[in-house]
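*Asks:* Provided below: final01.txt, containing compact mmCIF, C-alpha atoms.
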# COMPACT_ATOMS: atom_id res chain seq x y z
CA MET T 17 -48.85 -27.41 -9.77
CA ASP T 18 -46.20 -24.94 -10.76
CA LYS T 19 -42.70 -26.01 -9.87
CA LEU T 20 -40.95 -23.56 -7.65
CA LYS T 21 -37.76 -22.42 -9.28
CA VAL T 22 -34.83 -22.13 -6.93
CA SER T 23 -31.43 -21.74 -8.53
CA THR T 24 -28.50 -23.85 -7.35
CA ALA T 25 -26.91 -20.79 -5.79
CA ASN T 26 -30.03 -19.84 -3.89
CA LEU T 27 -30.55 -23.44 -2.76
CA VAL T 28 -27.00 -23.55 -1.39
CA ILE T 29 -27.58 -20.28 0.47
CA LEU T 30 -30.96 -21.43 1.79
CA VAL T 31 -29.67 -24.76 3.11
CA ALA T 32 -26.51 -23.16 4.51
CA GLY T 33 -28.58 -20.49 6.25
CA VAL T 34 -30.77 -23.12 7.92
CA VAL T 35 -27.74 -25.21 8.94
CA MET T 36 -26.01 -22.09 10.27
CA LEU T 37 -29.01 -21.15 12.41
CA ILE T 38 -29.46 -24.67 13.81
CA ALA T 39 -25.71 -25.06 14.45
CA SER T 40 -25.67 -21.81 16.40
CA PHE T 41 -27.73 -23.58 19.10
CA LEU T 42 -25.26 -26.47 19.34
CA ASP T 43 -22.00 -26.46 21.33
CA PHE T 44 -19.78 -23.60 20.18
CA ASN T 45 -17.19 -24.13 22.91
CA LYS T 46 -17.19 -26.79 25.60
CA PHE T 47 -15.30 -27.65 28.74
CA LYS T 48 -14.88 -31.19 29.99
CA TYR T 49 -12.86 -32.21 33.00
CA ALA T 50 -13.55 -35.45 34.84
CA SER T 51 -17.31 -35.47 35.47
CA LEU T 52 -17.63 -31.73 34.92
CA HIS T 53 -19.07 -30.87 31.53
CA THR T 54 -20.12 -27.39 30.47
CA SER T 55 -20.93 -26.12 27.02
CA TYR T 56 -21.73 -22.79 25.43
CA THR T 57 -23.65 -22.00 22.26
CA ALA T 58 -23.21 -18.96 20.03
CA TRP T 59 -26.14 -17.46 21.94
CA SER T 60 -24.66 -17.98 25.41
CA SER T 61 -23.52 -15.13 27.59
CA HIS T 62 -19.86 -14.23 26.79
CA PHE T 63 -20.50 -15.28 23.14
CA PHE T 64 -23.60 -13.25 22.31
CA LEU T 65 -23.43 -11.08 20.19
CA ILE T 66 -20.02 -11.46 18.59
CA ALA T 67 -20.31 -15.22 17.92
CA THR T 68 -23.96 -14.86 16.95
CA ILE T 69 -23.26 -12.48 14.05
CA PRO T 70 -22.45 -15.28 11.54
CA ALA T 71 -25.72 -17.02 12.50
CA LEU T 72 -27.66 -13.80 11.99
CA ILE T 73 -25.93 -13.30 8.64
CA GLY T 74 -26.94 -16.83 7.61
CA ALA T 75 -30.51 -16.15 8.70
CA VAL T 76 -30.67 -12.91 6.70
CA MET T 77 -29.18 -14.49 3.56
CA GLY T 78 -31.45 -17.54 3.84
CA ALA T 79 -34.51 -15.40 4.48
CA HIS T 80 -33.76 -13.23 1.45
CA VAL T 81 -33.48 -16.14 -0.99
CA ALA T 82 -36.57 -17.76 0.59
CA ILE T 83 -38.58 -14.60 0.01
CA GLU T 84 -37.25 -14.35 -3.55
CA ALA T 85 -38.20 -17.97 -4.26
CA PHE T 86 -41.38 -18.55 -2.30
CA ALA T 87 -42.97 -15.13 -1.92
CA PRO T 88 -42.93 -13.55 -5.36
CA GLY T 89 -45.57 -11.10 -4.19
CA VAL T 90 -43.17 -9.52 -1.73
CA ARG T 91 -41.40 -6.64 -3.39
CA LEU T 92 -37.90 -5.94 -2.14
CA PRO T 93 -35.84 -2.95 -3.29
CA ASP T 94 -33.43 -3.82 -6.14
CA ARG T 95 -30.56 -2.18 -4.29
CA LEU T 96 -29.67 -1.47 -0.70
CA LEU T 97 -27.22 1.36 -0.05
CA GLY T 98 -26.21 1.20 -3.71
CA LEU T 99 -25.40 -2.52 -3.55
CA SER T 100 -27.27 -5.16 -5.52
CA TRP T 101 -28.56 -8.18 -3.57
CA THR T 102 -25.91 -10.34 -5.22
CA GLN T 103 -23.21 -8.00 -3.93
CA ILE T 104 -24.82 -7.97 -0.47
CA HIS T 105 -24.78 -11.79 -0.42
CA LEU T 106 -21.10 -11.75 -1.38
CA VAL T 107 -20.22 -9.27 1.38
CA LEU T 108 -22.24 -11.12 4.02
CA GLY T 109 -20.91 -14.54 2.95
CA PHE T 110 -17.35 -13.25 3.10
CA GLN T 111 -17.93 -11.69 6.52
CA ALA T 112 -19.47 -14.87 7.96
CA THR T 113 -16.59 -16.97 6.60
CA ILE T 114 -13.84 -14.66 7.84
CA MET T 115 -15.41 -14.52 11.31
CA MET T 116 -15.84 -18.29 11.55
CA LEU T 117 -12.25 -18.85 10.37
CA ALA T 118 -11.17 -16.43 13.10
CA PHE T 119 -13.15 -18.41 15.69
CA LEU T 120 -11.52 -21.60 14.39
CA ILE T 121 -8.01 -20.19 14.74
CA GLN T 122 -8.71 -18.54 18.11
CA ASP T 123 -6.97 -20.18 21.06
CA THR T 124 -9.85 -20.93 23.43
CA LYS T 125 -7.97 -23.02 26.01
CA PRO T 126 -9.16 -24.43 28.39
CA LEU T 127 -12.33 -24.59 26.31
CA ASP T 128 -12.54 -27.01 23.40
CA LYS T 129 -14.23 -26.18 20.14
CA GLY T 130 -17.65 -27.78 19.74
CA ILE T 131 -19.58 -29.30 16.86
CA GLY T 132 -21.65 -26.11 16.54
CA LEU T 133 -18.55 -24.07 15.69
CA TYR T 134 -17.43 -26.54 13.02
CA LEU T 135 -20.90 -26.73 11.48
CA MET T 136 -21.17 -22.94 11.51
CA LEU T 137 -17.79 -22.73 9.74
CA LEU T 138 -18.93 -25.17 7.05
CA ALA T 139 -22.22 -23.31 6.68
CA ALA T 140 -20.37 -19.98 6.38
CA ILE T 141 -18.16 -21.37 3.62
CA ALA T 142 -21.29 -22.69 1.89
CA LEU T 143 -22.88 -19.23 2.17
CA LEU T 144 -19.85 -17.72 0.47
CA VAL T 145 -19.84 -20.40 -2.23
CA GLY T 146 -23.57 -19.80 -2.78
CA ALA T 147 -22.96 -16.06 -3.07
CA VAL T 148 -20.18 -16.61 -5.64
CA LEU T 149 -22.42 -19.00 -7.61
CA ARG T 150 -25.18 -16.41 -7.47
CA MET T 151 -22.78 -13.85 -8.91
CA GLN T 152 -21.87 -16.23 -11.74
CA GLU T 153 -25.54 -16.98 -12.43
CA GLN T 154 -26.21 -13.27 -12.73
CA PRO T 155 -23.24 -11.84 -14.60
CA SER T 156 -25.18 -8.65 -15.09
CA GLY T 157 -25.67 -8.39 -11.33
CA TYR T 158 -23.21 -5.56 -11.21
CA THR T 159 -24.33 -2.28 -12.58
CA PRO T 160 -22.61 0.87 -11.49
CA PRO T 161 -24.81 2.94 -9.20
CA SER T 162 -26.52 5.76 -11.01
CA LEU T 163 -25.13 9.20 -10.30
CA MET P 2 2.94 19.62 -9.76
CA ALA P 3 -0.54 18.20 -10.05
CA ASP P 4 -3.28 19.75 -7.95
CA ARG P 5 -4.09 17.60 -4.99
CA GLN P 6 -7.51 17.87 -3.41
CA PRO P 7 -7.48 18.05 0.39
CA PRO P 8 -9.07 15.04 2.08
CA THR P 9 -12.80 15.28 2.62
CA PRO P 10 -14.39 14.91 6.10
CA GLY P 11 -15.42 11.33 5.30
CA GLU P 12 -11.89 10.43 4.23
CA ILE P 13 -10.42 12.07 7.34
CA VAL P 14 -12.84 10.14 9.58
CA ILE P 15 -11.80 6.83 7.99
CA MET P 16 -8.06 7.57 8.08
CA VAL P 17 -8.08 8.82 11.68
CA ALA P 18 -10.29 5.93 12.84
CA GLY P 19 -8.11 3.38 11.06
CA ALA P 20 -4.90 4.83 12.50
CA LEU P 21 -6.28 4.98 16.04
CA MET P 22 -7.67 1.45 15.77
CA ILE P 23 -4.38 -0.08 14.72
CA VAL P 24 -2.43 1.80 17.42
CA PHE P 25 -4.92 1.03 20.21
CA SER P 26 -5.20 -2.60 19.11
CA PHE P 27 -1.90 -3.12 20.93
CA LEU P 28 -3.36 -1.85 24.21
CA HIS P 29 -5.50 -3.93 26.55
CA PHE P 30 -8.75 -5.14 24.97
CA ALA P 31 -10.00 -7.41 27.76
CA GLY P 32 -8.20 -8.05 31.01
CA ASN P 33 -4.48 -7.80 30.30
CA THR P 34 -4.77 -9.01 26.72
CA SER P 35 -4.61 -6.93 23.57
CA ALA P 36 -6.57 -7.66 20.39
CA TRP P 37 -3.44 -9.51 19.22
CA GLY P 38 -3.12 -11.56 22.40
CA THR P 39 -3.87 -15.22 23.01
CA GLY P 40 -7.58 -15.88 23.37
CA LEU P 41 -8.60 -12.81 21.38
CA PHE P 42 -6.52 -13.16 18.21
CA PRO P 43 -7.73 -13.14 15.47
CA ILE P 44 -11.43 -12.52 16.18
CA ALA P 45 -10.78 -9.23 18.00
CA THR P 46 -8.06 -8.34 15.49
CA LEU P 47 -10.47 -8.22 12.56
CA LEU P 48 -11.72 -4.75 13.52
CA PRO P 49 -8.33 -2.98 13.49
CA VAL P 50 -7.39 -4.86 10.31
CA TYR P 51 -10.56 -3.60 8.60
CA GLY P 52 -9.72 -0.09 9.82
CA LEU P 53 -6.15 -0.36 8.52
CA VAL P 54 -7.28 -1.61 5.10
CA MET P 55 -9.83 1.19 4.70
CA ALA P 56 -7.42 3.88 5.89
CA LEU P 57 -4.64 2.59 3.63
CA GLN P 58 -6.91 2.55 0.59
CA ILE P 59 -7.83 6.20 1.19
CA ALA P 60 -4.29 7.31 2.08
CA LEU P 61 -2.62 5.55 -0.84
CA THR P 62 -5.00 6.92 -3.43
CA LYS P 63 -5.14 10.38 -1.84
CA PHE P 64 -1.52 11.08 -0.92
CA ALA P 65 0.59 8.57 -2.81
CA SER P 66 -1.44 8.82 -6.03
CA VAL P 67 -1.46 5.06 -6.30
CA ASN P 68 -3.57 3.95 -9.23
CA LEU P 69 -5.85 1.12 -8.21
CA PRO P 70 -8.11 -0.76 -10.63
CA GLY P 71 -11.51 0.88 -11.08
CA SER P 72 -13.39 -2.02 -9.58
CA VAL P 73 -12.69 -5.22 -7.68
CA LEU P 74 -14.94 -8.28 -8.15
CA GLY P 75 -17.61 -6.02 -9.56
CA PHE P 76 -17.45 -3.57 -6.65
CA THR P 77 -16.41 0.04 -7.04
CA TRP P 78 -14.02 1.25 -4.33
CA GLU P 79 -16.80 3.33 -2.79
CA GLN P 80 -18.99 0.22 -2.59
CA LEU P 81 -16.14 -1.76 -1.05
CA LEU P 82 -15.48 0.96 1.53
CA LEU P 83 -19.18 1.02 2.38
CA ALA P 84 -19.35 -2.78 2.67
CA VAL P 85 -16.21 -3.05 4.83
CA GLY P 86 -17.32 -0.05 6.91
CA ALA P 87 -20.74 -1.61 7.48
CA MET P 88 -19.17 -4.92 8.54
CA ALA P 89 -16.80 -3.06 10.87
CA GLY P 90 -19.80 -1.27 12.38
CA LEU P 91 -21.60 -4.60 12.79
CA MET P 92 -18.62 -6.14 14.60
CA ALA P 93 -18.27 -3.01 16.75
CA ILE P 94 -21.89 -3.42 17.90
CA GLY P 95 -21.16 -7.12 18.40
CA TRP P 96 -18.24 -6.38 20.74
CA LEU P 97 -20.21 -3.62 22.47
CA LEU P 98 -23.01 -6.03 23.38
CA THR P 99 -20.81 -9.02 24.18
CA ASP P 100 -20.22 -9.60 27.87
CA TYR P 101 -16.61 -10.77 28.08
CA GLY P 102 -15.61 -9.03 31.30
CA ASN P 103 -14.27 -5.53 31.72
CA LYS P 104 -13.85 -3.71 28.45
CA GLN P 105 -10.48 -1.98 28.43
CA ILE P 106 -9.34 1.14 26.56
CA GLY P 107 -8.33 -0.93 23.51
CA ALA P 108 -11.81 -2.40 23.25
CA TRP P 109 -13.53 0.97 23.54
CA ILE P 110 -11.36 2.51 20.82
CA GLU P 111 -12.01 -0.52 18.56
CA ILE P 112 -15.77 -0.19 19.14
CA LEU P 113 -15.82 3.56 18.56
CA GLY P 114 -13.45 3.18 15.60
CA GLY P 115 -15.65 0.52 13.99
CA ILE P 116 -18.68 2.78 14.24
CA ALA P 117 -16.60 5.69 12.91
CA LEU P 118 -15.57 3.58 9.89
CA ALA P 119 -19.23 2.93 9.08
CA VAL P 120 -20.10 6.62 9.50
CA GLY P 121 -17.08 7.68 7.43
CA ALA P 122 -18.00 5.28 4.64
CA VAL P 123 -21.55 6.70 4.55
CA MET P 124 -20.18 10.27 4.49
CA LEU P 125 -17.91 9.25 1.61
CA GLN P 126 -20.90 8.12 -0.46
CA ARG P 127 -22.42 11.59 -0.18
CA GLU P 128 -19.12 13.38 -0.83
CA ARG P 129 -18.44 11.36 -3.96
CA ASN P 130 -22.07 11.47 -5.12
CA THR P 131 -22.31 7.74 -5.59
CA GLY P 132 -26.08 7.82 -5.27
CA ALA P 133 -25.93 5.05 -2.65
CA ILE P 134 -27.24 7.27 0.13
CA GLY P 135 -30.14 9.66 -0.27
Show me the file's structure as structure tokens.
*Replies:*
Amino acid sequence: MDKLKVSTANLVILVAGVVMLIASFLDFNKFKYASLHTSYTAWSSHFFLIATIPALIGAVMGAHVAIEAFAPGVRLPDRLLGLSWTQIHLVLGFQATIMMLAFLIQDTKPLDKGIGLYLMLLAAIALLVGAVLRMQEQPSGYTPPSL
Amino acid sequence: MADRQPPTPGEIVIMVAGALMIVFSFLHFAGNTSAWGTGLFPIATLLPVYGLVMALQIALTKFASVNLPGSVLGFTWEQLLLAVGAMAGLMAIGWLLTDYGNKQIGAWIEILGGIALAVGAVMLQRERNTGAIG
């Protein structure tokens, strides 16, 4: 059986994307007072869509590397809006990280930050690291758009 | 004196949107809180910051003749403007669809400004013939 070839960078992105998606269904913010306990995920009302964007970004990045690795028959365009896929991964990874850092810094009192938020932050950082590794694996990834 | 080209429609859209976004970011975003206020900072502040960065890049290169490096991390400036504009548009849609109570004037200007940044960045691709669009 042929071994599927997934680069380190793509593996990092794939795992991070899965973790990001799963974490988005865990507690993003929670409230606990005496016996009262309420929690909200990134998909809950008041959080959807702004807190869901990093999860969607993770899903898109993970799906792209999964298609690249496991569905060689699927033909994707080399560029999207003049950006190579490596550049798109870098932009999306950066965006997910900056948003999750913002959610981390945000003062949510009286709500506490939940495990979902922390896992999403770690996954976002991993997405960015994966995107940077992908860029290093493909030094020729950047080619100026043709005029 | 060197000839200076007037700003293109795409550049004007980005500069005006960025300026409005930073000014209106100090007005109420939700309830009595601005995008810089407790509970919203810094997640709601990202949009005006993106607008400011894009507007400054255009204004500095257009009016102050600041020479910036040709590319950053393998991105041309047009690609960077498109990427930041697209992310601003994405966050604008995010805030538009998020139910966090009554959206105030600051929020509406941020949402419209974010969409304008994305539109301006697309217009810029056509104006500068980058080949990214169409």
*Asks:* Can you pull out every residue within 8 Å of region 45-62 of chain T, counting only C-alpha atoms, but drop anything in the same chain fewer than 2 positions away, and send it as a list in words?
*Replies:*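 Those residues are Ser40, Phe41, Leu42, Asp43, Phe64, Leu65, Ala67, Thr68, Pro126, Leu127, Asp128, Lys129, Gly130, Gly132 and Leu133 of chain T; Thr99, Asp100 and Tyr101 of chain P.
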*Asks:* Taking all atoms listed in the file into account, report as a PDB file with C-alpha atoms, keeping the file's coordinate frame which residues of chain P lie within 10 Å of chain T.
*Replies:*
ATOM      1  CA  GLY P  38      -3.120 -11.560  22.400  1.00  0.00           C
ATOM      2  CA  THR P  39      -3.870 -15.220  23.010  1.00  0.00           C
ATOM      3  CA  GLY P  40      -7.580 -15.880  23.370  1.00  0.00           C
ATOM      4  CA  LEU P  41      -8.600 -12.810  21.380  1.00  0.00           C
ATOM      5  CA  PHE P  42      -6.520 -13.160  18.210  1.00  0.00           C
ATOM      6  CA  PRO P  43      -7.730 -13.140  15.470  1.00  0.00           C
ATOM      7  CA  ILE P  44     -11.430 -12.520  16.180  1.00  0.00           C
ATOM      8  CA  ALA P  45     -10.780  -9.230  18.000  1.00  0.00           C
ATOM      9  CA  THR P  46      -8.060  -8.340  15.490  1.00  0.00           C
ATOM     10  CA  LEU P  47     -10.470  -8.220  12.560  1.00  0.00           C
ATOM     11  CA  SER P  72     -13.390  -2.020  -9.580  1.00  0.00           C
ATOM     12  CA  LEU P  74     -14.940  -8.280  -8.150  1.00  0.00           C
ATOM     13  CA  GLY P  75     -17.610  -6.020  -9.560  1.00  0.00           C
ATOM     14  CA  PHE P  76     -17.450  -3.570  -6.650  1.00  0.00           C
ATOM     15  CA  THR P  77     -16.410   0.040  -7.040  1.00  0.00           C
ATOM     16  CA  GLU P  79     -16.800   3.330  -2.790  1.00  0.00           C
ATOM     17  CA  GLN P  80     -18.990   0.220  -2.590  1.00  0.00           C
ATOM     18  CA  LEU P  81     -16.140  -1.760  -1.050  1.00  0.00           C
ATOM     19  CA  LEU P  83     -19.180   1.020   2.380  1.00  0.00           C
ATOM     20  CA  ALA P  84     -19.350  -2.780   2.670  1.00  0.00           C
ATOM     21  CA  VAL P  85     -16.210  -3.050   4.830  1.00  0.00           C
ATOM     22  CA  ALA P  87     -20.740  -1.610   7.480  1.00  0.00           C
ATOM     23  CA  MET P  88     -19.170  -4.920   8.540  1.00  0.00           C
ATOM     24  CA  ALA P  89     -16.800  -3.060  10.870  1.00  0.00           C
ATOM     25  CA  LEU P  91     -21.600  -4.600  12.790  1.00  0.00           C
ATOM     26  CA  MET P  92     -18.620  -6.140  14.600  1.00  0.00           C
ATOM     27  CA  ALA P  93     -18.270  -3.010  16.750  1.00  0.00           C
ATOM     28  CA  ILE P  94     -21.890  -3.420  17.900  1.00  0.00           C
ATOM     29  CA  GLY P  95     -21.160  -7.120  18.400  1.00  0.00           C
ATOM     30  CA  TRP P  96     -18.240  -6.380  20.740  1.00  0.00           C
ATOM     31  CA  LEU P  97     -20.210  -3.620  22.470  1.00  0.00           C
ATOM     32  CA  LEU P  98     -23.010  -6.030  23.380  1.00  0.00           C
ATOM     33  CA  THR P  99     -20.810  -9.020  24.180  1.00  0.00           C
ATOM     34  CA  ASP P 100     -20.220  -9.600  27.870  1.00  0.00           C
ATOM     35  CA  TYR P 101     -16.610 -10.770  28.080  1.00  0.00           C
ATOM     36  CA  GLY P 102     -15.610  -9.030  31.300  1.00  0.00           C
ATOM     37  CA  VAL P 123     -21.550   6.700   4.550  1.00  0.00           C
ATOM     38  CA  GLN P 126     -20.900   8.120  -0.460  1.00  0.00           C
ATOM     39  CA  ARG P 129     -18.440  11.360  -3.960  1.00  0.00           C
ATOM     40  CA  ASN P 130     -22.070  11.470  -5.120  1.00  0.00           C
ATOM     41  CA  THR P 131     -22.310   7.740  -5.590  1.00  0.00           C
ATOM     42  CA  GLY P 132     -26.080   7.820  -5.270  1.00  0.00           C
ATOM     43  CA  ALA P 133     -25.930   5.050  -2.650  1.00  0.00           C
ATOM     44  CA  ILE P 134     -27.240   7.270   0.130  1.00  0.00           C
ATOM     45  CA  GLY P 135     -30.140   9.660  -0.270  1.00  0.00           C
TER      46      GLY P 135
END
*Asks:* Could you state the separation of CA of Leu135 (chain T) and CA of Ile38 (chain T) in Å, given to one decimal place?
*Replies:*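 So the answer is 9.1 Å.
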*Asks:* State, in Å with one decimal place, the distance from CA of Ala147 (chain T) to CA of Ala87 (chain T).
*Replies:* 20.1 Å
*Asks:* Expressed in Å to a single decimal, how great is the separation between CA of Leu137 (chain T) and CA of Leu37 (chain T)?
*Replies:*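 Interatomic distance here is 11.6 Å.
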*Asks:* Nearest to Met77 (chain T) among T:Leu143, T:Ala39, T:Leu27, T:Val22, with distances taken over only C-alpha atoms: which residue is it?
*Replies:*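 Looking only at the distances to Met77 (chain T), the closest residue turns out to be T:Leu143.
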*Asks:* Place N, CA and C atoms on region 61-93 of chain T and deliver the coordinates as a CSV table (one decimal), in the coordinates of the input.
*Replies:*
chain,number,residue,atom,x,y,z
T,61,SER,N,-24.2,-16.3,27.0
T,61,SER,CA,-23.5,-15.1,27.6
T,61,SER,C,-22.0,-15.3,27.3
T,62,HIS,N,-21.3,-14.3,27.1
T,62,HIS,CA,-19.9,-14.2,26.8
T,62,HIS,C,-19.6,-14.5,25.3
T,63,PHE,N,-20.6,-15.0,24.6
T,63,PHE,CA,-20.5,-15.3,23.1
T,63,PHE,C,-21.5,-14.4,22.3
T,64,PHE,N,-22.6,-14.1,23.0
T,64,PHE,CA,-23.6,-13.2,22.3
T,64,PHE,C,-23.1,-11.8,22.5
T,65,LEU,N,-22.9,-11.0,21.5
T,65,LEU,CA,-23.4,-11.1,20.2
T,65,LEU,C,-22.3,-11.4,19.2
T,66,ILE,N,-21.1,-11.4,19.6
T,66,ILE,CA,-20.0,-11.5,18.6
T,66,ILE,C,-20.0,-12.8,17.9
T,67,ALA,N,-20.3,-13.9,18.6
T,67,ALA,CA,-20.3,-15.2,17.9
T,67,ALA,C,-21.7,-15.5,17.2
T,68,THR,N,-22.6,-14.7,17.5
T,68,THR,CA,-24.0,-14.9,17.0
T,68,THR,C,-24.1,-14.2,15.6
T,69,ILE,N,-23.2,-13.2,15.3
T,69,ILE,CA,-23.3,-12.5,14.0
T,69,ILE,C,-23.3,-13.4,12.8
T,70,PRO,N,-22.4,-14.4,12.7
T,70,PRO,CA,-22.4,-15.3,11.5
T,70,PRO,C,-23.8,-16.0,11.4
T,71,ALA,N,-24.4,-16.4,12.5
T,71,ALA,CA,-25.7,-17.0,12.5
T,71,ALA,C,-26.8,-16.0,12.0
T,72,LEU,N,-26.7,-14.8,12.4
T,72,LEU,CA,-27.7,-13.8,12.0
T,72,LEU,C,-27.5,-13.5,10.5
T,73,ILE,N,-26.2,-13.5,10.1
T,73,ILE,CA,-25.9,-13.3,8.6
T,73,ILE,C,-26.5,-14.4,7.8
T,74,GLY,N,-26.4,-15.7,8.3
T,74,GLY,CA,-26.9,-16.8,7.6
T,74,GLY,C,-28.5,-16.7,7.5
T,75,ALA,N,-29.1,-16.3,8.6
T,75,ALA,CA,-30.5,-16.2,8.7
T,75,ALA,C,-31.0,-15.1,7.7
T,76,VAL,N,-30.3,-14.0,7.6
T,76,VAL,CA,-30.7,-12.9,6.7
T,76,VAL,C,-30.5,-13.4,5.2
T,77,MET,N,-29.4,-14.0,4.9
T,77,MET,CA,-29.2,-14.5,3.6
T,77,MET,C,-30.2,-15.5,3.2
T,78,GLY,N,-30.5,-16.5,4.1
T,78,GLY,CA,-31.4,-17.5,3.8
T,78,GLY,C,-32.8,-17.0,3.7
T,79,ALA,N,-33.2,-16.0,4.5
T,79,ALA,CA,-34.5,-15.4,4.5
T,79,ALA,C,-34.7,-14.7,3.2
T,80,HIS,N,-33.6,-14.0,2.7
T,80,HIS,CA,-33.8,-13.2,1.4
T,80,HIS,C,-34.0,-14.2,0.3
T,81,VAL,N,-33.3,-15.2,0.2
T,81,VAL,CA,-33.5,-16.1,-1.0
T,81,VAL,C,-34.8,-16.9,-0.9
T,82,ALA,N,-35.3,-17.1,0.4
T,82,ALA,CA,-36.6,-17.8,0.6
T,82,ALA,C,-37.7,-16.8,0.1
T,83,ILE,N,-37.6,-15.6,0.4
T,83,ILE,CA,-38.6,-14.6,0.0
T,83,ILE,C,-38.6,-14.5,-1.5
T,84,GLU,N,-37.4,-14.4,-2.1
T,84,GLU,CA,-37.2,-14.4,-3.6
T,84,GLU,C,-37.9,-15.6,-4.2
T,85,ALA,N,-37.7,-16.7,-3.6
T,85,ALA,CA,-38.2,-18.0,-4.3
T,85,ALA,C,-39.7,-18.3,-4.0
T,86,PHE,N,-40.1,-18.1,-2.7
T,86,PHE,CA,-41.4,-18.6,-2.3
T,86,PHE,C,-42.4,-17.5,-2.1
T,87,ALA,N,-42.0,-16.2,-2.1
T,87,ALA,CA,-43.0,-15.1,-1.9
T,87,ALA,C,-42.8,-14.1,-3.0
T,88,PRO,N,-43.1,-14.5,-4.2
T,88,PRO,CA,-42.9,-13.6,-5.4
T,88,PRO,C,-43.7,-12.3,-5.2
T,89,GLY,N,-44.8,-12.3,-4.4
T,89,GLY,CA,-45.6,-11.1,-4.2
T,89,GLY,C,-44.9,-10.0,-3.4
T,90,VAL,N,-43.9,-10.5,-2.6
T,90,VAL,CA,-43.2,-9.5,-1.7
T,90,VAL,C,-42.1,-8.8,-2.6
T,91,ARG,N,-42.3,-7.5,-2.6
T,91,ARG,CA,-41.4,-6.6,-3.4
T,91,ARG,C,-40.3,-6.1,-2.5
T,92,LEU,N,-39.1,-6.5,-2.8
T,92,LEU,CA,-37.9,-5.9,-2.1
T,92,LEU,C,-37.2,-4.9,-3.0
T,93,PRO,N,-36.6,-3.9,-2.5
T,93,PRO,CA,-35.8,-3.0,-3.3
T,93,PRO,C,-34.7,-3.7,-4.1
